[in-house]
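Below: the structure, in structure tokens.
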Amino acid sequence: MNWLPNASLAQLHARAAMLKTIRDFFNQRQVLEVETPSLSQAAVTDVHLHCFKTQFVGRNISDKPLVDGAVALYLQTSPEFHMKRLLAAGSGCIYQISKVYRNEESGRFHNPEFSLLEWYRVDFDHHQLMDEMADLLKSLLKCETPVRCTYQAAFLAHLQVDPLTATVAQLKLAGAHLALGDVLDNETDKDTILQLLFCVAIESKIGQDVPYFVYDFPASQAALARINKQDPRVADRFEVYYKSVELANGFYELNSSAEQLKRFQADNQLRQQMGLAEMPIDQRFVTCLDHLPNCAGVALGLDRLLMLCSQQPHIDDVLSFNIDNA
């Protein structure tokens, strides 16, 4: 049986150097490094994220019911909820390098356990955070200044359709040449169609020379971001792409408990319609949002970033042990 690691010794050194650069970057800006739990009593409601679930048999936890003598716990898909609780408690600007877990496919860019850099800047909006992220990427990737483009402009340039006004029928017509067949024909949800078209027709073409920031996503894809005050059709959200790799997702953070609870409840209603299990809402997180300062935050996949920094073709090449070798 092969017991050797996946990554070479050179890749282990490259990871250590990358982490040092990141820590130096935030230390120079006086951003505090924090640590939050991997296990939580609640989960994410997003229909596109799937949590690992486990059981705690040690004792009952507060008001959580025992099921077969155990309490359900979830491995975190992101440290976001706990980090925002720290922000609401007055932590100031913070960052974290953590392991996170998603019960999804493994492949060229995916391992179910992966490393994430997440940071929050108090009194920043998402445009200021894009400025800072551009500085970090230039330092790590040795690249030129990233390009910025709205979600709407990206669709108009690559598919000649306006994602903010187009009907489902118009979007399907715009994607007819992509040979997606039944996948596109049978889909009825507009946001799912938009995500499919973006992935196939846009993501593979943008950011080939320098990182590419896409911002002003549709308001229906706001997740945990604010709705834009000037144009309520869009959310204050951005994503980052480079060489056909999705690297990061950032928000000008929503700080309304009532609005966030409505979004989580809508997620669970959609889960029911899709035949997925409802997920327990993190009420502590929801409650803290009314105390959250104005801030912007972003999550950056470190394994994918290391692939790009060291020009490796597969995520396995930068992991000490992938899921098949763990």
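Residues are referred to by chain and number: the chain letter is A, B, ... according to the order shown in the structure tokens, the number counts from 1 in that chain, and ligands are numbered separately from 1 in the order shown.
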Any chance you could tabulate, as JSON lines, the residues of stretch 132-183 of chain A at most 12 Å from stretch 241-249 of chain A with each one's nearest atom pair and distance in Å to one decimal, using only C-alpha atoms, in chain and rising number order?
```
{"residue": "A:Met133", "atom": "CA", "partner": "A:Ala248", "partner_atom": "CA", "distance": 9.6}
{"residue": "A:Ala134", "atom": "CA", "partner": "A:Ala248", "partner_atom": "CA", "distance": 11.5}
{"residue": "A:Leu137", "atom": "CA", "partner": "A:Tyr242", "partner_atom": "CA", "distance": 10.2}
{"residue": "A:Lys138", "atom": "CA", "partner": "A:Tyr242", "partner_atom": "CA", "distance": 12.0}
{"residue": "A:Leu141", "atom": "CA", "partner": "A:Tyr242", "partner_atom": "CA", "distance": 10.1}
{"residue": "A:Cys143", "atom": "CA", "partner": "A:Tyr242", "partner_atom": "CA", "distance": 10.4}
{"residue": "A:Glu144", "atom": "CA", "partner": "A:Tyr242", "partner_atom": "CA", "distance": 11.8}
{"residue": "A:Pro146", "atom": "CA", "partner": "A:Tyr242", "partner_atom": "CA", "distance": 9.2}
{"residue": "A:Val147", "atom": "CA", "partner": "A:Tyr241", "partner_atom": "CA", "distance": 10.0}
{"residue": "A:Arg148", "atom": "CA", "partner": "A:Tyr241", "partner_atom": "CA", "distance": 10.4}
{"residue": "A:Cys149", "atom": "CA", "partner": "A:Tyr241", "partner_atom": "CA", "distance": 11.3}
```
Please identify all polymer residues within 8 Å of stretch 119-132 of chain A, counting only C-alpha atoms, omitting same-chain residues fewer than 5 positions from it, and present them as a PyMOL selection string.
chain A and resi 92-96+213+236-238+250-252+293-299
If DSSP is run on the backbone, what residues of stretch 82-277 of chain A are strand (DSSP E)? A reply as number ranges by chain would be ideal.
A: 94-101, 113-122, 147-150, 212-218, 234-242, 245-252
Extract the full set of helix (DSSP H, G or I) residues from stretch 37-257 of chain A according to DSSP on the backbone, and format it as an MDAnalysis selection string.
chainID A and resid 80:88 126:141 151:159 168:174 176:178 182:185 190:202 219:221 257
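Here atom CA of A:Leu224 stands at a distance of 5.7 Å from atom CA of A:Leu254.
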A:Ala157, A:Ala7, A:Leu261, A:Leu171 ranked by distance to A:Ile281, top pick (using only C-alpha atoms):
A:Leu261
Using only C-alpha atoms, determine which residues lie at most 8 Å from A:Asn268, disregarding the query and same-chain residues fewer than 4 positions distant; provide the list as a VMD selection string.
chain A and resid 45 264 272 278 to 279
Any chance you could export the current selection's N, CA and C atoms as a PDB file, in the first residue's frame?
```
ATOM      1  N   THR A  45     -27.850  26.960   5.117  1.00  0.00           N
ATOM      2  CA  THR A  45     -29.099  26.621   4.435  1.00  0.00           C
ATOM      3  C   THR A  45     -28.969  26.653   2.914  1.00  0.00           C
ATOM      4  N   PHE A 264     -32.660  32.901   5.044  1.00  0.00           N
ATOM      5  CA  PHE A 264     -32.444  31.517   5.481  1.00  0.00           C
ATOM      6  C   PHE A 264     -33.737  30.715   5.380  1.00  0.00           C
ATOM      7  N   GLN A 272     -37.013  22.276   0.594  1.00  0.00           N
ATOM      8  CA  GLN A 272     -38.187  21.404   0.612  1.00  0.00           C
ATOM      9  C   GLN A 272     -38.666  21.112  -0.806  1.00  0.00           C
ATOM     10  N   GLU A 278     -34.219  20.113   5.277  1.00  0.00           N
ATOM     11  CA  GLU A 278     -34.062  21.451   5.846  1.00  0.00           C
ATOM     12  C   GLU A 278     -32.868  21.452   6.793  1.00  0.00           C
ATOM     13  N   MET A 279     -32.195  22.592   6.891  1.00  0.00           N
ATOM     14  CA  MET A 279     -31.028  22.704   7.757  1.00  0.00           C
ATOM     15  C   MET A 279     -31.344  23.609   8.944  1.00  0.00           C
TER      16      MET A 279
END
```
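Distances here use only C-alpha atoms; by that measure, the residue among A:Asn2, A:Tyr215, A:Asn27, A:Ser256 closest to A:Ala153 is A:Tyr215.
As for atom CA of A:Lys205 and atom CA of A:Ala225, they are spaced 25.9 Å apart.
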Counting only C-alpha atoms, what are the residues of stretch 63-98 of chain A within 9 Å of stretch 36-43 of chain A, and for each of them which pair of atoms is the nearest and at what distance in Å, to one decimal? Sort the table by chain and rising number, as a tab-separated table.
```
residue	atom	partner	partner_atom	distance
A:Lys64	CA	A:Gln41	CA	8.2
A:Val71	CA	A:Gln41	CA	8.3
A:Ala72	CA	A:Gln41	CA	6.7
A:Leu73	CA	A:Gln41	CA	4.9
A:Tyr74	CA	A:Ser40	CA	5.2
A:Leu75	CA	A:Leu39	CA	4.8
A:Gln76	CA	A:Ser38	CA	5.3
A:Thr77	CA	A:Ala43	CA	8.4
A:Ser78	CA	A:Ser38	CA	8.5
A:Pro79	CA	A:Thr36	CA	6.6
A:His82	CA	A:Thr36	CA	6.3
A:Met83	CA	A:Thr36	CA	7.0
A:Gln96	CA	A:Thr36	CA	8.3
A:Ser98	CA	A:Thr36	CA	8.5
```
Just the residues within 8 Å of stretch 180-197 of chain A, please, counting only C-alpha atoms, with nothing from its chain fewer than 2 positions along; format it as a list in words.
Pro163, Thr167, Val168, Leu171, Lys172, Gly175, Ala176, Leu178, Cys199, Val200, Ala201, Ile202, Ser220 and Gln221 of chain A
For A:Leu270, find every residue with an atom within 12 Å (counting only C-alpha atoms), except residues of its own chain fewer than 3 positions away, and show them as a PDB file with C-alpha atoms, in the first residue's frame.
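Final output, around-v2.pdb:
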```
ATOM      1  CA  THR A  45     -29.099  26.621   4.435  1.00  0.00           C
ATOM      2  CA  ASP A  46     -27.685  27.373   0.959  1.00  0.00           C
ATOM      3  CA  VAL A  47     -28.989  24.694  -1.426  1.00  0.00           C
ATOM      4  CA  HIS A  48     -25.610  24.582  -3.190  1.00  0.00           C
ATOM      5  CA  ASP A 189     -35.031  28.262 -11.961  1.00  0.00           C
ATOM      6  CA  ARG A 263     -33.247  34.621   3.415  1.00  0.00           C
ATOM      7  CA  PHE A 264     -32.444  31.517   5.481  1.00  0.00           C
ATOM      8  CA  GLN A 265     -36.129  30.615   5.689  1.00  0.00           C
ATOM      9  CA  ALA A 266     -36.474  31.053   1.927  1.00  0.00           C
ATOM     10  CA  ASP A 267     -33.474  28.738   1.458  1.00  0.00           C
ATOM     11  CA  GLN A 273     -39.213  22.003  -3.005  1.00  0.00           C
ATOM     12  CA  MET A 274     -35.991  20.310  -4.210  1.00  0.00           C
ATOM     13  CA  GLY A 275     -36.430  17.312  -1.923  1.00  0.00           C
ATOM     14  CA  LEU A 276     -33.458  18.276   0.261  1.00  0.00           C
ATOM     15  CA  ALA A 277     -33.418  18.162   4.052  1.00  0.00           C
ATOM     16  CA  GLU A 278     -34.062  21.451   5.846  1.00  0.00           C
ATOM     17  CA  MET A 279     -31.028  22.704   7.757  1.00  0.00           C
TER      18      MET A 279
END
```
Would you compute the distance between atom CA of A:His13 and atom CA of A:Ile97? Give it in Å to one decimal.
17.0 Å
